[in-house]
file target_17.cif (mmCIF, C-alpha atoms; chains and numbers go by the auth columns)
data_my_file
loop_
_atom_site.group_PDB
_atom_site.id
_atom_site.type_symbol
_atom_site.label_atom_id
_atom_site.label_comp_id
_atom_site.label_asym_id
_atom_site.label_seq_id
_atom_site.Cartn_x
_atom_site.Cartn_y
_atom_site.Cartn_z
_atom_site.B_iso_or_equiv
_atom_site.auth_seq_id
_atom_site.auth_asym_id
ATOM 1 C CA VAL A 1 8.571 16.885 0.098 0.00 34 A
ATOM 2 C CA ALA A 2 11.640 15.889 -1.865 0.00 35 A
ATOM 3 C CA LEU A 3 12.982 12.332 -1.671 0.00 36 A
ATOM 4 C CA LEU A 4 16.750 12.310 -1.715 0.00 37 A
ATOM 5 C CA ASP A 5 19.186 9.675 -2.972 0.00 38 A
ATOM 6 C CA ASP A 6 20.742 9.173 0.446 0.00 39 A
ATOM 7 C CA ARG A 7 17.544 7.620 1.914 0.00 40 A
ATOM 8 C CA SER A 8 16.335 10.897 3.354 0.00 41 A
ATOM 9 C CA TYR A 9 13.668 13.498 2.674 0.00 42 A
ATOM 10 C CA ALA A 10 13.377 17.258 2.795 0.00 43 A
ATOM 11 C CA VAL A 11 10.267 19.353 3.362 0.00 44 A
ATOM 12 C CA VAL A 12 10.595 22.404 1.133 0.00 45 A
ATOM 13 C CA ASP A 13 8.655 25.686 1.133 0.00 46 A
ATOM 14 C CA LEU A 14 7.832 26.000 -2.567 0.00 47 A
ATOM 15 C CA ALA A 15 7.230 29.760 -2.303 0.00 48 A
ATOM 16 C CA ASP A 16 10.841 30.602 -1.492 0.00 49 A
ATOM 17 C CA GLY A 17 12.726 27.293 -1.830 0.00 50 A
ATOM 18 C CA THR A 18 13.644 27.116 1.843 0.00 51 A
ATOM 19 C CA VAL A 19 14.251 23.664 3.325 0.00 52 A
ATOM 20 C CA LEU A 20 12.008 23.536 6.386 0.00 53 A
ATOM 21 C CA ARG A 21 13.033 20.122 7.674 0.00 54 A
ATOM 22 C CA ARG A 22 15.191 17.150 6.763 0.00 55 A
ATOM 23 C CA GLY A 23 14.804 13.627 7.976 0.00 56 A
ATOM 24 C CA ALA A 24 16.054 10.082 7.475 0.00 57 A
ATOM 25 C CA LEU A 25 13.868 7.431 5.869 0.00 58 A
ATOM 26 C CA GLY A 26 16.166 4.468 6.410 0.00 59 A
ATOM 27 C CA ILE A 27 14.960 2.907 3.143 0.00 60 A
ATOM 28 C CA LYS A 28 15.597 3.592 -0.524 0.00 61 A
ATOM 29 C CA PRO A 29 12.306 5.218 -1.618 0.00 62 A
ATOM 30 C CA THR A 30 10.714 4.210 -4.919 0.00 63 A
ATOM 31 C CA ALA A 31 7.274 5.803 -4.441 0.00 64 A
ATOM 32 C CA ALA A 32 5.738 8.320 -2.078 0.00 65 A
ATOM 33 C CA THR A 33 2.713 10.533 -1.628 0.00 66 A
ATOM 34 C CA ILE A 34 1.560 13.144 0.865 0.00 67 A
ATOM 35 C CA SER A 35 -1.814 12.881 2.600 0.00 68 A
ATOM 36 C CA PRO A 36 -4.446 15.390 1.453 0.00 69 A
ATOM 37 C CA ASP A 37 -4.047 17.362 4.706 0.00 70 A
ATOM 38 C CA GLY A 38 -0.260 17.555 4.205 0.00 71 A
ATOM 39 C CA HIS A 39 0.605 15.964 7.562 0.00 72 A
ATOM 40 C CA ARG A 40 1.583 12.395 6.570 0.00 73 A
ATOM 41 C CA LEU A 41 3.995 10.957 4.027 0.00 74 A
ATOM 42 C CA ALA A 42 3.433 7.402 2.789 0.00 75 A
ATOM 43 C CA VAL A 43 6.665 5.894 1.440 0.00 76 A
ATOM 44 C CA GLY A 44 7.334 2.694 -0.478 0.00 77 A
ATOM 45 C CA GLY A 45 10.779 1.195 -0.827 0.00 78 A
ATOM 46 C CA ALA A 46 13.039 -0.669 -3.194 0.00 79 A
ATOM 47 C CA THR A 47 12.651 -3.988 -1.381 0.00 80 A
ATOM 48 C CA GLY A 48 8.877 -3.835 -0.816 0.00 81 A
ATOM 49 C CA GLU A 49 8.760 -1.751 2.372 0.00 82 A
ATOM 50 C CA VAL A 50 5.859 0.564 3.189 0.00 83 A
ATOM 51 C CA GLY A 51 5.838 3.142 5.983 0.00 84 A
ATOM 52 C CA LEU A 52 3.807 6.149 7.127 0.00 85 A
ATOM 53 C CA LEU A 53 5.668 9.216 8.421 0.00 86 A
ATOM 54 C CA ASP A 54 4.278 12.108 10.469 0.00 87 A
ATOM 55 C CA LEU A 55 5.676 15.175 8.691 0.00 88 A
ATOM 56 C CA ASP A 56 5.022 17.473 11.658 0.00 89 A
ATOM 57 C CA SER A 57 7.147 15.496 14.127 0.00 90 A
ATOM 58 C CA GLY A 58 9.410 13.613 11.706 0.00 91 A
ATOM 59 C CA GLU A 59 8.521 10.373 13.547 0.00 92 A
ATOM 60 C CA TRP A 60 7.209 7.192 11.956 0.00 93 A
ATOM 61 C CA ILE A 61 3.525 6.527 12.569 0.00 94 A
ATOM 62 C CA ALA A 62 4.152 3.072 11.110 0.00 95 A
ATOM 63 C CA ALA A 63 7.820 2.274 10.523 0.00 96 A
ATOM 64 C CA PRO A 64 8.666 0.824 7.108 0.00 97 A
ATOM 65 C CA ALA A 65 8.077 -2.916 6.975 0.00 98 A
ATOM 66 C CA VAL A 66 8.395 -5.278 4.037 0.00 99 A
ATOM 67 C CA THR A 67 4.957 -6.006 2.626 0.00 100 A
ATOM 68 C CA HIS A 68 5.462 -6.466 -1.106 0.00 101 A
ATOM 69 C CA ARG A 69 7.809 -9.010 -2.681 0.00 102 A
ATOM 70 C CA GLN A 70 9.350 -6.414 -5.007 0.00 103 A
ATOM 71 C CA PHE A 71 9.683 -2.632 -5.127 0.00 104 A
ATOM 72 C CA VAL A 72 6.681 -0.411 -4.463 0.00 105 A
ATOM 73 C CA ASP A 73 5.777 1.434 -7.651 0.00 106 A
ATOM 74 C CA SER A 74 2.709 3.419 -6.601 0.00 107 A
ATOM 75 C CA ILE A 75 1.047 4.864 -3.506 0.00 108 A
ATOM 76 C CA SER A 76 -2.206 6.804 -3.455 0.00 109 A
ATOM 77 C CA PHE A 77 -4.299 8.318 -0.642 0.00 110 A
ATOM 78 C CA ALA A 78 -8.088 8.503 -0.762 0.00 111 A
ATOM 79 C CA ALA A 79 -9.379 12.076 -1.004 0.00 112 A
ATOM 80 C CA ASP A 80 -10.183 12.104 2.735 0.00 113 A
ATOM 81 C CA GLY A 81 -6.790 10.617 3.689 0.00 114 A
ATOM 82 C CA ALA A 82 -8.428 7.789 5.650 0.00 115 A
ATOM 83 C CA THR A 83 -7.099 5.028 3.395 0.00 116 A
ATOM 84 C CA LEU A 84 -4.275 4.496 0.962 0.00 117 A
ATOM 85 C CA VAL A 85 -3.337 1.896 -1.607 0.00 118 A
ATOM 86 C CA THR A 86 0.120 0.641 -2.528 0.00 119 A
ATOM 87 C CA THR A 87 1.022 -1.407 -5.563 0.00 120 A
ATOM 88 C CA SER A 88 4.193 -3.234 -6.398 0.00 121 A
ATOM 89 C CA PHE A 89 6.097 -4.548 -9.373 0.00 122 A
ATOM 90 C CA ASP A 90 5.120 -7.990 -8.035 0.00 123 A
ATOM 91 C CA GLY A 91 1.491 -7.342 -9.086 0.00 124 A
ATOM 92 C CA GLY A 92 0.216 -7.000 -5.517 0.00 125 A
ATOM 93 C CA ALA A 93 -2.022 -4.254 -4.172 0.00 126 A
ATOM 94 C CA TRP A 94 -2.411 -3.447 -0.472 0.00 127 A
ATOM 95 C CA LEU A 95 -5.008 -1.339 1.300 0.00 128 A
ATOM 96 C CA TRP A 96 -3.872 0.604 4.397 0.00 129 A
ATOM 97 C CA ASP A 97 -5.373 2.755 7.128 0.00 130 A
ATOM 98 C CA GLY A 98 -4.210 6.213 6.068 0.00 131 A
ATOM 99 C CA ASN A 99 -4.026 7.527 9.647 0.00 132 A
ATOM 100 C CA SER A 100 -2.351 4.663 11.517 0.00 133 A
ATOM 101 C CA GLY A 101 -0.505 2.935 8.677 0.00 134 A
ATOM 102 C CA ALA A 102 -2.072 -0.403 9.643 0.00 135 A
ATOM 103 C CA GLN A 103 -2.483 -2.992 6.875 0.00 136 A
ATOM 104 C CA ILE A 104 -6.105 -3.705 6.030 0.00 137 A
ATOM 105 C CA ALA A 105 -5.963 -6.160 3.125 0.00 138 A
ATOM 106 C CA GLY A 106 -3.908 -7.278 0.157 0.00 139 A
ATOM 107 C CA VAL A 107 -4.678 -8.884 -3.168 0.00 140 A
ATOM 108 C CA GLN A 108 -2.695 -10.080 -6.171 0.00 141 A
ATOM 109 C CA VAL A 109 -4.042 -8.264 -9.246 0.00 142 A
ATOM 110 C CA GLY A 110 -1.524 -9.220 -11.902 0.00 143 A
ATOM 111 C CA GLU A 111 1.097 -11.763 -12.734 0.00 144 A
ATOM 112 C CA GLN A 112 4.506 -11.478 -11.117 0.00 145 A
ATOM 113 C CA GLN A 113 6.427 -8.531 -12.561 0.00 146 A
ATOM 114 C CA SER A 114 3.226 -6.925 -13.766 0.00 147 A
ATOM 115 C CA GLN A 115 3.677 -3.279 -12.872 0.00 148 A
ATOM 116 C CA ALA A 116 0.509 -1.725 -11.441 0.00 149 A
ATOM 117 C CA THR A 117 -0.689 1.794 -10.721 0.00 150 A
ATOM 118 C CA ALA A 118 -3.302 2.696 -8.116 0.00 151 A
ATOM 119 C CA VAL A 119 -5.552 5.715 -8.021 0.00 152 A
ATOM 120 C CA LEU A 120 -8.315 6.327 -5.514 0.00 153 A
ATOM 121 C CA PRO A 121 -11.093 8.314 -7.194 0.00 154 A
ATOM 122 C CA ALA A 122 -12.493 11.355 -5.416 0.00 155 A
ATOM 123 C CA ASP A 123 -15.523 9.423 -4.133 0.00 156 A
ATOM 124 C CA GLY A 124 -13.131 7.290 -2.053 0.00 157 A
ATOM 125 C CA ARG A 125 -15.018 4.059 -2.699 0.00 158 A
ATOM 126 C CA ALA A 126 -12.589 2.189 -4.926 0.00 159 A
ATOM 127 C CA ALA A 127 -9.032 1.861 -6.095 0.00 160 A
ATOM 128 C CA ILE A 128 -8.413 1.573 -9.810 0.00 161 A
ATOM 129 C CA VAL A 129 -5.437 -0.650 -10.541 0.00 162 A
ATOM 130 C CA ALA A 130 -4.161 -0.950 -14.109 0.00 163 A
ATOM 131 C CA THR A 131 -1.574 -3.607 -14.778 0.00 164 A
ATOM 132 C CA GLU A 132 1.122 -3.633 -17.424 0.00 165 A
ATOM 133 C CA ASP A 133 -0.523 -6.621 -19.137 0.00 166 A
ATOM 134 C CA GLY A 134 -3.552 -4.416 -19.951 0.00 167 A
ATOM 135 C CA ALA A 135 -5.967 -5.540 -17.236 0.00 168 A
ATOM 136 C CA VAL A 136 -7.811 -2.914 -15.175 0.00 169 A
ATOM 137 C CA TYR A 137 -9.350 -3.727 -11.795 0.00 170 A
ATOM 138 C CA ARG A 138 -11.771 -1.688 -9.694 0.00 171 A
ATOM 139 C CA LEU A 139 -11.189 -2.722 -6.089 0.00 172 A
ATOM 140 C CA PRO A 140 -13.589 -1.521 -3.386 0.00 173 A
ATOM 141 C CA ILE A 141 -11.759 -0.142 -0.359 0.00 174 A
ATOM 142 C CA LYS A 142 -13.781 -1.993 2.279 0.00 175 A
ATOM 143 C CA PHE A 143 -12.128 -5.189 3.562 0.00 176 A
ATOM 144 C CA ASP A 144 -15.220 -7.405 3.219 0.00 177 A
ATOM 145 C CA GLN A 145 -15.501 -6.377 -0.415 0.00 178 A
ATOM 146 C CA TRP A 146 -11.793 -7.244 -0.982 0.00 179 A
ATOM 147 C CA THR A 147 -12.456 -10.678 0.484 0.00 180 A
ATOM 148 C CA ALA A 148 -15.393 -11.153 -1.890 0.00 181 A
ATOM 149 C CA PHE A 149 -13.193 -10.048 -4.816 0.00 182 A
ATOM 150 C CA ALA A 150 -10.409 -12.472 -3.861 0.00 183 A
ATOM 151 C CA CYS A 151 -12.914 -15.314 -3.436 0.00 184 A
ATOM 152 C CA GLY A 152 -14.426 -14.509 -6.836 0.00 185 A
ATOM 153 C CA VAL A 153 -11.022 -14.610 -8.524 0.00 186 A
ATOM 154 C CA ALA A 154 -9.902 -17.789 -6.756 0.00 187 A
ATOM 155 C CA GLY A 155 -13.293 -19.503 -6.873 0.00 188 A
ATOM 156 C CA ARG A 156 -12.499 -21.276 -3.608 0.00 189 A
ATOM 157 C CA ASN A 157 -11.157 -20.949 -0.075 0.00 190 A
ATOM 158 C CA LEU A 158 -7.455 -21.111 0.622 0.00 191 A
ATOM 159 C CA SER A 159 -6.133 -24.499 1.628 0.00 192 A
ATOM 160 C CA PRO A 160 -4.695 -24.701 5.165 0.00 193 A
ATOM 161 C CA VAL A 161 -1.160 -24.710 3.671 0.00 194 A
ATOM 162 C CA GLU A 162 -1.900 -21.604 1.552 0.00 195 A
ATOM 163 C CA TRP A 163 -3.480 -19.907 4.578 0.00 196 A
ATOM 164 C CA GLN A 164 -0.390 -20.534 6.707 0.00 197 A
ATOM 165 C CA ALA A 165 1.909 -19.213 3.963 0.00 198 A
ATOM 166 C CA VAL A 166 -0.053 -15.939 3.841 0.00 199 A
ATOM 167 C CA PHE A 167 -1.269 -15.507 7.445 0.00 200 A
ATOM 168 C CA GLY A 168 1.309 -17.419 9.471 0.00 201 A
ATOM 169 C CA ASP A 169 0.007 -18.451 12.891 0.00 202 A
ATOM 170 C CA GLU A 170 -3.400 -16.828 12.404 0.00 203 A
ATOM 171 C CA PRO A 171 -5.931 -19.658 12.951 0.00 204 A
ATOM 172 C CA TYR A 172 -7.293 -21.099 9.685 0.00 205 A
ATOM 173 C CA ARG A 173 -10.817 -20.170 8.678 0.00 206 A
ATOM 174 C CA GLU A 174 -12.861 -20.361 5.530 0.00 207 A
ATOM 175 C CA THR A 175 -13.553 -16.910 4.122 0.00 208 A
ATOM 176 C CA CYS A 176 -15.376 -17.670 0.886 0.00 209 A
ATOM 177 C CA ALA A 177 -19.005 -18.704 0.734 0.00 210 A
ATOM 178 C CA THR A 178 -19.313 -22.140 -0.820 0.00 211 A
ATOM 179 C CA GLY A 179 -22.261 -23.019 -2.933 0.00 212 A
#
call {"tool": "encode", "arguments": {"input": "target_17.cif", "output": "structure tokens"}}
result
Amino acid sequence: VALLDDRSYAVVDLADGTVLRRGALGIKPTAATISPDGHRLAVGGATGEVGLLDLDSGEWIAAPAVTHRQFVDSISFAADGATLVTTSFDGGAWLWDGNSGAQIAGVQVGEQQSQATAVLPADGRAAIVATEDGAVYRLPIKFDQWTAFACGVAGRNLSPVEWQAVFGDEPYRETCATG
């Protein structure tokens, strides 16, 4: 797959250079990766959008939606294609369902404008995120483990105001064990 400057993509047969299909992305891509089976394209955009495209039909599985506060700088599928991780120049990392494109969890791993890179090792159990400020995080790819990580970093539950800022109308609940 080639990402083109005009917000489109082309699927190219590398054996003979033939363009097999072209399609519109509707966003300015800054990062992309193809699923291990070659059927899905995860795309991140210049204004924080993330989407999942079915390469066979050319239709969005999950249309691009703004998730990050700044441009997406890295996307990586797990070896089995079941999950993917996106990172952004804003220091955030998001975990996604690699088949449906549904958001699973997000965490801030660096300071604002701390470029991050995500790689899912072959065992598919964790994302490795290295930030520009030199920190390296190993983030498990199960949601309950992300919650535990976030609670460990914060050392407390979110306040109701913080909860509303992140989760909107989702009813407030404590997520961190208090001791």
call {"tool": "resolve_selection", "arguments": {"input": "target_17.cif", "expression": "the PyMOL selection byres ((chain A and resi 172) around 6)", "output": "number ranges by chain"}}
result
A: 159-160, 171, 173
call {"tool": "write_last_selection", "arguments": {"input": "target_17.cif", "atoms": "C-alpha atoms", "output": "short mmCIF file (atom, residue, chain, number, x, y, z; two decimals), in the frame of the given file"}}
result
data_model
loop_
_atom_site.label_atom_id
_atom_site.label_comp_id
_atom_site.auth_asym_id
_atom_site.auth_seq_id
_atom_site.Cartn_x
_atom_site.Cartn_y
_atom_site.Cartn_z
CA ALA A 159 -12.59 2.19 -4.93
CA ALA A 160 -9.03 1.86 -6.10
CA ARG A 171 -11.77 -1.69 -9.69
CA PRO A 173 -13.59 -1.52 -3.39
#
call {"tool": "resolve_selection", "arguments": {"input": "target_17.cif", "expression": "the PyMOL selection byres ((chain A and resi 185-193) around 9)", "output": "PyMOL selection string"}}
result
chain A and resi 180-184+194-198+205-211
call {"tool": "residues_around", "arguments": {"input": "target_17.cif", "residues": "Gln141 in chain A", "least_positions_apart": "3", "cutoff": "7 Å", "atoms": "all atoms listed in the file", "output": "JSON, numbers by chain"}}
result
{"A": [124, 125, 126]}
call {"tool": "atom_distance", "arguments": {"input": "target_17.cif", "atom1": "CA of Thr120 in chain A", "atom2": "CA of Leu47 in chain A"}}
result
28.4 Å
call {"tool": "residues_around", "arguments": {"input": "target_17.cif", "residues": "Ser68 in chain A", "least_positions_apart": "6", "cutoff": "12 Å", "atoms": "only C-alpha atoms", "output": "count of residues only"}}
result
23
call {"tool": "residues_around", "arguments": {"input": "target_17.cif", "residues": "Ala64 in chain A", "least_positions_apart": "2", "cutoff": "8 Å", "atoms": "only C-alpha atoms", "output": "PyMOL selection string"}}
result
chain A and resi 62+66+76-78+105-108
call {"tool": "atom_distance", "arguments": {"input": "target_17.cif", "atom1": "CA of Lys61 in chain A", "atom2": "CA of Arg73 in chain A"}}
result
18.0 Å
call {"tool": "atom_distance", "arguments": {"input": "target_17.cif", "atom1": "CA of Ala98 in chain A", "atom2": "CA of Trp127 in chain A"}}
result
12.9 Å
call {"tool": "residues_around", "arguments": {"input": "target_17.cif", "residues": "Gly56 in chain A", "least_positions_apart": "6", "cutoff": "7 Å", "atoms": "all atoms listed in the file", "output": "ChimeraX atom specification"}}
result
/A:41-43,91
call {"tool": "resolve_selection", "arguments": {"input": "target_17.cif", "expression": "the PyMOL selection byres ((chain A and resi 138) around 7)", "output": "PyMOL selection string"}}
result
chain A and resi 127-128+136-137+139-140+176
call {"tool": "axis_aligned_box", "arguments": {"input": "target_17.cif", "around": "range 107-116 of chain A", "padding_each_side": "4 Å", "output": "lines of an AutoDock Vina configuration file"}}
result
center_x = -3.7
center_y = 7.8
center_z = -0.5
size_x = 20.9
size_y = 16.7
size_z = 20.3
call {"tool": "residues_around", "arguments": {"input": "target_17.cif", "residues": "Arg102 in chain A", "least_positions_apart": "4", "cutoff": "9 Å", "atoms": "all atoms listed in the file", "output": "JSON, numbers by chain"}}
result
{"A": [80, 81, 82, 121, 122, 123, 125]}
call {"tool": "closest_residue", "arguments": {"input": "target_17.cif", "among": "A:Asp39, A:Val83, A:Ala57, A:Pro69", "to": "Phe104 in chain A", "atoms": "only C-alpha atoms"}}
result
A:Val83
